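First comes the structure, then the notes that go with it.
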Amino acid sequence: MSKQVSLGILACLIALEGSHLGADCTGVAPVPEAALSAVTVASGLPGRPLYVTSPPGDRDRLFIVAQDGFIHIKKRGEPVGLSHLFLDLSTIVQAGPNEMGLLGLAFDPGYATNGLFYVNYTEGPLVGPWFTVVARYSVSAGDPDAADPGSETRLLRFSQPQNNHNGGQILFGPDGYLYIATGDGGGGGDLHGTCGNGQNQGSILGKMLRVDVRGTAPMPLAPDCGGASALYAVPADNPFADGPGGACDEVWDYGLRNPWRSSFDALTGDLYIADVGQNCWEEVNYVAAPTGGRNYGWRVMEGNNCFNPAMQSNCGQAGAPCGTSPPCDDPSFTDPIVEFPHPVGCSVTGGYVYRGCQLPALSGTYFYGDYCGGFVASLRMVGGLPTEQQPDRTGELGVGTSLRFGLTSFGVDDDGEIYIVDRDGSVLRIVPPFTNLEVSGEGSATPFDLAPGAWFWEDLAYTTMQPVSGYRVYRGLPGGTFTCVFAGAAPQWPGGDPSVPPPGTMHAYIVTAVNPSGQMTRSGRPPHTLSAAPCP
Ligand SMILES: [Ca+2]
Ligand SMILES: [Ca+2]
C-alpha cells in the first residue's frame, strides 16, 4: 500500500498551544526565537499618519489615523499600497500647525455590537483660538468599512492657549473608562497661570483624565472642568473628585507636559505614559496597577532633573519655588522609569507592551521610541524596575534611519502584534525574521492538508502580513535530502503530487515560502536538508 506523509501533520496541535492570554491567537504560529524584523504592511497613506489600532475582536482590519483628519482602513491580505477611507474629518479638523490635527482614536469596548468609536482632534481658525474636541462617532448602518460622518456627538471641548502640546491620546482602560491625555497648553516651559498647568489640579491641561463615556460608573458625578456642554460622567473614585470647583474631578494623573502616547499593558493593566520633554530630557513613566493621583513632575522636573521655566535650556537647573508646587526632587513625584537626553532624541513616542501571538519570547517587553531620533527602544519592567533595556533596535528591525523625524506612533492590532507608524505614510509591523517562519512543520499555523483534488497549506502572506512571492513543495524522506517537486504562487497544489511511492515505501513533504527578497522560510526544527536543484 502506498503512503504519503506530510511533515506538517503536527502543525495544528502545536499552533493551538501557542495561544496567549489577552489575544485570540487561533491560526497564528508562535515563533520561539526572540529575533525581530519589520515588514511594511501599508504604504502611500495620505495625510501624515500618526496612530494605528484595531476594534476589539477584529483580526482583519487596521485603522490608521492621519493627522490631516483621515481614518484609513488597511485590510489583511490586501496589497500594501491599498487602503480604504473610513472617515474624513479634514474639513472640521485644524491640522495646520505642526502638532494639531486628528490625534487620537479609540474603539468602544463594545464596538462589535454598538459600532461606537471616539476621536480626539483640534479645531479652530489657523491663527486661533484653538480647541481640543473629544467626540463620539458611529459606523454607518450599511457599511462596516465606512463611518457615519454625521454621527458626531461632542463629549468634551476645551481651549488650547497655544497650538502645540495637545496630547491627544484617548484609550479605554481595563476599567472601561476613557483616559484622555492632555498637554500643558503649549508654548514652552508651561508658563500658564501662576505655576503652570501641569501642577495645577484645577486645570484640565497637563493631565491624564479619566471619564465614563459608557454609563457604567456605579456612582457617577457630573462633569466638572469640562463645562456645561460636557457629555460624560466622572467616576466617583477619581483621585481628586471634590465636586464642582476646586480640583478638576476628571483628573486621574497630573504633572504632564505633552504626553504623546500612553498604553495599558493588555495583560497586567500597568500604565505607561511617555511625556515629551522641553529642551533637555525625554521620559517614559510607569505605574503598576494604577490607582490614579500620580504627579509626574512637570514643570518642576524634566525627566529626573530639575527644571527652571525661566531658563529652559539650562538643563538640570531648579526653578524658583512656586505656590503649592512641590520642590525639585520632592518624594511626592513619580519619577520616570527611563529618560534620554537631547539630542539623542527630541520627542519621545510611547508604545506598547508586547502581548501578541507570534513572538511569545517578547511577551512583557515594552517598545517605545523617539520621533526625531527615529529609534525603536525596548525594556521590560520587572519588580517595578526597567530591565533588558535596549536603547536602539533599529538595526535589528532593518529600518535604517528611515524613521527619523517620522516615528509618530506605535499601535497594536487585535492579536496584540505591534506596529510602527511613519508620518511619511507607512505602517510597519514588528515580525519575526522571514527565515524563522515555517509553513508546513510544527511551527505552522495551518495544517498541511493532503486533500484529494488539491493540497493546501498555510497562507503565510495572510497569517503573518509578510509578503510572499511563492511557495515550494519538497519531497523526500526524513533524514534524507528533499527535492523540490512543485512551485506556485498560491498556498495550494492543484491535484497534489501525481507520484505514488513504491509499495511499502512513503513520500514525505515539506512546504516552504519565499519572499520577494529571496529569503526562504525554515524547513523544520531542526531544519531538513533541501536540494538546491530548482523546482520543476
Ligand atoms: Ca472639582
Ligand atoms: Ca515627569
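Letters A, B, ... mark the chains of the C-alpha cells in the order given; residue numbers begin at 1 per chain; ligand numbers begin at 1, in order shown.
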Between segment 442-481 of chain A and segment 54-61 of chain A, at 12 Å or less, what are the per-residue closest atom pairs and their distances in Å? Count only C-alpha atoms, order by chain and rising residue number, and return it as JSON lines.
```
{"residue": "A:Tyr462", "atom": "CA", "partner": "A:Asp60", "partner_atom": "CA", "distance": 9.3}
{"residue": "A:Thr463", "atom": "CA", "partner": "A:Asp60", "partner_atom": "CA", "distance": 9.9}
{"residue": "A:Thr464", "atom": "CA", "partner": "A:Asp60", "partner_atom": "CA", "distance": 11.5}
{"residue": "A:Met465", "atom": "CA", "partner": "A:Asp60", "partner_atom": "CA", "distance": 10.4}
```
Taking only residues of chain A that have an atom at most 12 Å from an atom of ligand 1, what is each one's shortest atom pair and its distance in Å to one decimal, using only C-alpha atoms and all ligand atoms, in chain and number order, as a Markdown table?
```
| residue | atom | partner | partner_atom_place_in_ligand_line | distance |
| --- | --- | --- | --- | --- |
| A:Gln201 | CA | ligand 1 | 1 (Ca) | 8.9 |
| A:Gly202 | CA | ligand 1 | 1 (Ca) | 7.4 |
| A:Ser203 | CA | ligand 1 | 1 (Ca) | 10.0 |
| A:Ile204 | CA | ligand 1 | 1 (Ca) | 10.7 |
| A:Leu221 | CA | ligand 1 | 1 (Ca) | 10.1 |
| A:Ala222 | CA | ligand 1 | 1 (Ca) | 9.8 |
| A:Pro223 | CA | ligand 1 | 1 (Ca) | 8.9 |
| A:Asp224 | CA | ligand 1 | 1 (Ca) | 5.7 |
| A:Cys225 | CA | ligand 1 | 1 (Ca) | 7.2 |
| A:Gly226 | CA | ligand 1 | 1 (Ca) | 10.4 |
| A:Gly227 | CA | ligand 1 | 1 (Ca) | 11.2 |
| A:Val234 | CA | ligand 1 | 1 (Ca) | 10.4 |
| A:Ala236 | CA | ligand 1 | 1 (Ca) | 11.1 |
| A:Asn238 | CA | ligand 1 | 1 (Ca) | 10.4 |
| A:Pro239 | CA | ligand 1 | 1 (Ca) | 10.5 |
| A:Phe240 | CA | ligand 1 | 1 (Ca) | 7.1 |
| A:Ala241 | CA | ligand 1 | 1 (Ca) | 5.6 |
| A:Asp242 | CA | ligand 1 | 1 (Ca) | 4.5 |
| A:Gly243 | CA | ligand 1 | 1 (Ca) | 4.4 |
| A:Pro244 | CA | ligand 1 | 1 (Ca) | 4.5 |
| A:Gly245 | CA | ligand 1 | 1 (Ca) | 4.3 |
| A:Gly246 | CA | ligand 1 | 1 (Ca) | 4.5 |
| A:Ala247 | CA | ligand 1 | 1 (Ca) | 4.2 |
| A:Cys248 | CA | ligand 1 | 1 (Ca) | 4.3 |
| A:Asp249 | CA | ligand 1 | 1 (Ca) | 4.5 |
| A:Glu250 | CA | ligand 1 | 1 (Ca) | 8.0 |
| A:Val251 | CA | ligand 1 | 1 (Ca) | 9.2 |
```
As an mmCIF file with C-alpha atoms, in the first residue's frame, please: the residues near segment 344-356 of chain A (cut-off 9 Å, only C-alpha atoms, same-chain neighbours under 5 positions excluded).
```
data_model
loop_
_atom_site.group_PDB
_atom_site.id
_atom_site.type_symbol
_atom_site.label_atom_id
_atom_site.label_comp_id
_atom_site.auth_asym_id
_atom_site.auth_seq_id
_atom_site.Cartn_x
_atom_site.Cartn_y
_atom_site.Cartn_z
ATOM 1 C CA HIS A 20 -1.697 33.623 24.550
ATOM 2 C CA LEU A 21 -3.573 35.347 27.319
ATOM 3 C CA GLY A 22 -5.230 38.533 26.156
ATOM 4 C CA ALA A 23 -5.417 37.770 22.463
ATOM 5 C CA CYS A 25 -4.166 33.502 18.670
ATOM 6 C CA PRO A 259 2.002 63.014 26.931
ATOM 7 C CA TRP A 260 2.493 61.548 23.474
ATOM 8 C CA ARG A 261 1.242 58.028 23.506
ATOM 9 C CA SER A 262 0.207 56.072 26.521
ATOM 10 C CA SER A 263 -0.910 52.483 26.907
ATOM 11 C CA PHE A 264 -2.122 49.904 29.359
ATOM 12 C CA ASP A 265 -0.393 46.537 29.433
ATOM 13 C CA ALA A 266 -3.123 44.293 27.995
ATOM 14 C CA LEU A 267 -2.236 41.539 30.455
ATOM 15 C CA TYR A 272 2.875 53.579 30.602
ATOM 16 C CA ILE A 273 2.879 57.313 29.793
ATOM 17 C CA ALA A 274 5.586 58.803 27.590
ATOM 18 C CA ASP A 275 5.956 62.545 28.192
ATOM 19 C CA VAL A 276 7.723 64.796 25.697
ATOM 20 C CA GLY A 277 10.373 66.968 27.307
ATOM 21 C CA GLN A 278 11.336 70.617 26.829
ATOM 22 C CA ASN A 279 14.928 71.093 25.651
ATOM 23 C CA CYS A 280 16.881 68.532 27.664
ATOM 24 C CA TRP A 281 15.188 65.247 28.638
ATOM 25 C CA GLU A 282 12.609 62.796 27.254
ATOM 26 C CA GLU A 283 10.882 60.405 29.648
ATOM 27 C CA VAL A 284 8.674 57.347 29.993
ATOM 28 C CA LEU A 362 8.873 39.101 23.701
ATOM 29 C CA SER A 363 5.853 38.949 25.993
ATOM 30 C CA GLY A 364 6.205 41.716 28.579
ATOM 31 C CA THR A 365 8.641 43.779 26.514
ATOM 32 C CA TYR A 366 7.704 47.452 26.283
ATOM 33 C CA PHE A 367 8.555 49.164 22.999
ATOM 34 C CA TYR A 368 8.913 52.912 22.638
ATOM 35 C CA GLY A 369 10.942 55.341 20.565
ATOM 36 C CA ASP A 370 11.552 58.913 19.552
ATOM 37 C CA TYR A 371 10.014 60.922 16.730
ATOM 38 C CA CYS A 372 13.207 62.841 15.952
ATOM 39 C CA GLY A 373 15.773 60.135 16.646
ATOM 40 C CA GLY A 374 13.743 57.586 14.738
ATOM 41 C CA PHE A 375 14.941 54.803 17.020
ATOM 42 C CA ARG A 380 10.968 45.035 30.389
ATOM 43 C CA LEU A 407 8.151 57.892 14.140
ATOM 44 C CA THR A 408 4.791 59.298 15.189
ATOM 45 C CA SER A 409 3.347 56.319 16.993
ATOM 46 C CA PHE A 410 3.158 52.673 17.832
ATOM 47 C CA GLY A 411 -0.039 50.667 17.844
ATOM 48 C CA VAL A 412 -1.369 47.173 18.377
ATOM 49 C CA ASP A 413 -3.855 45.052 16.470
ATOM 50 C CA ASP A 414 -6.355 42.661 17.981
ATOM 51 C CA ASP A 415 -3.728 39.903 18.063
ATOM 52 C CA GLY A 416 -1.502 42.145 20.163
ATOM 53 C CA GLU A 417 1.076 42.481 17.403
ATOM 54 C CA ILE A 418 2.908 45.812 17.449
ATOM 55 C CA ILE A 420 5.182 51.389 13.958
#
```
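Residues of protein, DNA or RNA lying at most 6 Å from ligand 2, when only C-alpha atoms and all ligand atoms are considered, are Tyr296, Gly297, Trp298, Met301, Glu302 and Gly303 of chain A.
Among the candidates A:Thr194, A:Gln4, A:Thr122, A:Thr182, the one nearest to Asn163 of chain A when counting only C-alpha atoms is A:Thr122.
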Coordinates-based distance that separates atom CA of Asp335 of chain A from atom CA of Pro235 of chain A (Å, one decimal): 26.2 Å
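Rounded to one decimal, atom CA of Arg136 of chain A and atom CA of Ser151 of chain A lie 7.7 Å from each other.
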DSSP-assigned strand (DSSP E) members of segment 178-370 of chain A, reported as a ChimeraX atom specification: /A:178-181,207-211,251-254,259-264,271-275,281-287,301-302,305-306,338-341,348-353,365-370
Neighbour list for segment 90-100 of chain A as a list in words, cut-off 9 Å, only C-alpha atoms, skip fewer than 5 positions in-chain: Gln67, Asp68, Gly69, Phe70, Tyr121, Thr122, Glu123, Gly124, Pro125, Leu126, Trp130, Asn163, Asn164, His165, Asn166 and Gly167 of chain A
Helix (DSSP H, G or I) call set, DSSP backbone run, segment 305-534 of chain A, as number ranges by chain: A: 360-362, 394-397, 434-436, 460-464
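Shortest separation to Asn308 of chain A among A:Ala233, A:Val468, A:Cys195, A:Leu379 occurs at residue A:Cys195, atoms counted being only C-alpha atoms.
With distances restricted to only C-alpha atoms, A:Gly441 is the closest residue to His528 of chain A from A:Phe448, A:Gly441, A:Met506, A:Ala490.
The environment of Glu78 of chain A within 10 Å, counting only C-alpha atoms and disregarding residues fewer than 2 places along the same chain, consists of Val41, Ala42, Lys74, Lys75, Arg76, Val80, Gly81, Leu82, Ser83, Ala461, Tyr462 and Met465 of chain A.
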How about saving the chosen residues, all heavy atoms kept, as a PDB file, in the first residue's frame?
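Wrote part-v3.pdb, looks like this:
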```
ATOM      1  N   VAL A  41       3.393  47.020   6.087  1.00  0.00           N
ATOM      2  CA  VAL A  41       2.057  46.488   5.814  1.00  0.00           C
ATOM      3  C   VAL A  41       1.170  47.515   5.112  1.00  0.00           C
ATOM      4  O   VAL A  41       0.150  47.164   4.529  1.00  0.00           O
ATOM      5  CB  VAL A  41       1.358  45.986   7.088  1.00  0.00           C
ATOM      6  CG1 VAL A  41       2.156  44.850   7.717  1.00  0.00           C
ATOM      7  CG2 VAL A  41       1.140  47.100   8.084  1.00  0.00           C
ATOM      8  N   ALA A  42       1.538  48.786   5.180  1.00  0.00           N
ATOM      9  CA  ALA A  42       0.785  49.816   4.467  1.00  0.00           C
ATOM     10  C   ALA A  42       1.767  50.900   4.045  1.00  0.00           C
ATOM     11  O   ALA A  42       2.676  51.241   4.791  1.00  0.00           O
ATOM     12  CB  ALA A  42      -0.310  50.413   5.343  1.00  0.00           C
ATOM     13  N   LYS A  74      -6.909  49.457   6.629  1.00  0.00           N
ATOM     14  CA  LYS A  74      -6.000  48.551   5.928  1.00  0.00           C
ATOM     15  C   LYS A  74      -6.468  47.134   6.222  1.00  0.00           C
ATOM     16  O   LYS A  74      -6.510  46.718   7.365  1.00  0.00           O
ATOM     17  CB  LYS A  74      -4.576  48.749   6.452  1.00  0.00           C
ATOM     18  CG  LYS A  74      -3.576  47.807   5.846  1.00  0.00           C
ATOM     19  CD  LYS A  74      -3.308  48.183   4.435  1.00  0.00           C
ATOM     20  CE  LYS A  74      -2.770  47.038   3.636  1.00  0.00           C
ATOM     21  NZ  LYS A  74      -2.704  47.403   2.199  1.00  0.00           N
ATOM     22  N   LYS A  75      -6.825  46.403   5.173  1.00  0.00           N
ATOM     23  CA  LYS A  75      -7.338  45.047   5.377  1.00  0.00           C
ATOM     24  C   LYS A  75      -6.228  44.020   5.191  1.00  0.00           C
ATOM     25  O   LYS A  75      -5.425  44.115   4.265  1.00  0.00           O
ATOM     26  CB  LYS A  75      -8.471  44.756   4.390  1.00  0.00           C
ATOM     27  CG  LYS A  75      -9.705  45.599   4.620  1.00  0.00           C
ATOM     28  CD  LYS A  75     -10.827  45.166   3.699  1.00  0.00           C
ATOM     29  CE  LYS A  75     -12.062  46.034   3.924  1.00  0.00           C
ATOM     30  NZ  LYS A  75     -13.167  45.635   3.038  1.00  0.00           N
ATOM     31  N   ARG A  76      -6.259  43.036   6.053  1.00  0.00           N
ATOM     32  CA  ARG A  76      -5.281  41.959   5.981  1.00  0.00           C
ATOM     33  C   ARG A  76      -5.433  41.236   4.638  1.00  0.00           C
ATOM     34  O   ARG A  76      -6.538  40.959   4.188  1.00  0.00           O
ATOM     35  CB  ARG A  76      -5.534  40.972   7.117  1.00  0.00           C
ATOM     36  CG  ARG A  76      -4.464  39.920   7.283  1.00  0.00           C
ATOM     37  CD  ARG A  76      -4.900  38.879   8.271  1.00  0.00           C
ATOM     38  NE  ARG A  76      -4.951  39.372   9.638  1.00  0.00           N
ATOM     39  CZ  ARG A  76      -4.052  39.068  10.575  1.00  0.00           C
ATOM     40  NH1 ARG A  76      -3.053  38.267  10.284  1.00  0.00           N
ATOM     41  NH2 ARG A  76      -4.169  39.530  11.788  1.00  0.00           N
ATOM     42  N   VAL A  80      -0.034  46.104  -0.186  1.00  0.00           N
ATOM     43  CA  VAL A  80       0.498  47.096   0.746  1.00  0.00           C
ATOM     44  C   VAL A  80       0.029  48.513   0.398  1.00  0.00           C
ATOM     45  O   VAL A  80      -0.241  49.329   1.270  1.00  0.00           O
ATOM     46  CB  VAL A  80       2.044  47.014   0.747  1.00  0.00           C
ATOM     47  CG1 VAL A  80       2.670  48.189   1.469  1.00  0.00           C
ATOM     48  CG2 VAL A  80       2.497  45.705   1.387  1.00  0.00           C
ATOM     49  N   GLY A  81      -0.098  48.795  -0.895  1.00  0.00           N
ATOM     50  CA  GLY A  81      -0.439  50.147  -1.318  1.00  0.00           C
ATOM     51  C   GLY A  81      -1.929  50.454  -1.312  1.00  0.00           C
ATOM     52  O   GLY A  81      -2.336  51.568  -1.642  1.00  0.00           O
ATOM     53  N   LEU A  82      -2.747  49.481  -0.930  1.00  0.00           N
ATOM     54  CA  LEU A  82      -4.198  49.664  -0.991  1.00  0.00           C
ATOM     55  C   LEU A  82      -4.766  49.964   0.389  1.00  0.00           C
ATOM     56  O   LEU A  82      -4.457  49.286   1.364  1.00  0.00           O
ATOM     57  CB  LEU A  82      -4.861  48.396  -1.555  1.00  0.00           C
ATOM     58  CG  LEU A  82      -6.369  48.432  -1.785  1.00  0.00           C
ATOM     59  CD1 LEU A  82      -6.736  49.512  -2.789  1.00  0.00           C
ATOM     60  CD2 LEU A  82      -6.856  47.065  -2.245  1.00  0.00           C
ATOM     61  N   SER A  83      -5.609  50.999   0.485  1.00  0.00           N
ATOM     62  CA  SER A  83      -6.297  51.295   1.739  1.00  0.00           C
ATOM     63  C   SER A  83      -7.676  51.852   1.404  1.00  0.00           C
ATOM     64  O   SER A  83      -7.975  52.150   0.246  1.00  0.00           O
ATOM     65  CB  SER A  83      -5.501  52.291   2.586  1.00  0.00           C
ATOM     66  OG  SER A  83      -5.391  53.534   1.921  1.00  0.00           O
ATOM     67  N   ALA A 461       1.196  34.757   3.720  1.00  0.00           N
ATOM     68  CA  ALA A 461       1.027  36.193   3.499  1.00  0.00           C
ATOM     69  C   ALA A 461      -0.138  36.728   4.323  1.00  0.00           C
ATOM     70  O   ALA A 461      -0.095  37.846   4.831  1.00  0.00           O
ATOM     71  CB  ALA A 461       0.804  36.474   2.018  1.00  0.00           C
ATOM     72  N   TYR A 462      -1.168  35.917   4.486  1.00  0.00           N
ATOM     73  CA  TYR A 462      -2.326  36.348   5.264  1.00  0.00           C
ATOM     74  C   TYR A 462      -2.058  36.262   6.757  1.00  0.00           C
ATOM     75  O   TYR A 462      -2.310  37.202   7.502  1.00  0.00           O
ATOM     76  CB  TYR A 462      -3.539  35.488   4.905  1.00  0.00           C
ATOM     77  CG  TYR A 462      -4.769  35.873   5.676  1.00  0.00           C
ATOM     78  CD1 TYR A 462      -5.546  36.945   5.261  1.00  0.00           C
ATOM     79  CD2 TYR A 462      -5.131  35.200   6.834  1.00  0.00           C
ATOM     80  CE1 TYR A 462      -6.659  37.330   5.992  1.00  0.00           C
ATOM     81  CE2 TYR A 462      -6.231  35.565   7.567  1.00  0.00           C
ATOM     82  CZ  TYR A 462      -7.005  36.635   7.147  1.00  0.00           C
ATOM     83  OH  TYR A 462      -8.087  37.022   7.860  1.00  0.00           O
ATOM     84  N   MET A 465       1.129  38.701   7.503  1.00  0.00           N
ATOM     85  CA  MET A 465       1.175  40.010   6.851  1.00  0.00           C
ATOM     86  C   MET A 465       2.552  40.276   6.250  1.00  0.00           C
ATOM     87  O   MET A 465       2.920  41.425   6.007  1.00  0.00           O
ATOM     88  CB  MET A 465       0.751  41.137   7.796  1.00  0.00           C
ATOM     89  CG  MET A 465      -0.678  40.980   8.257  1.00  0.00           C
ATOM     90  SD  MET A 465      -1.290  42.317   9.306  1.00  0.00           S
ATOM     91  CE  MET A 465      -1.816  43.514   8.089  1.00  0.00           C
TER      92      MET A 465
END
```
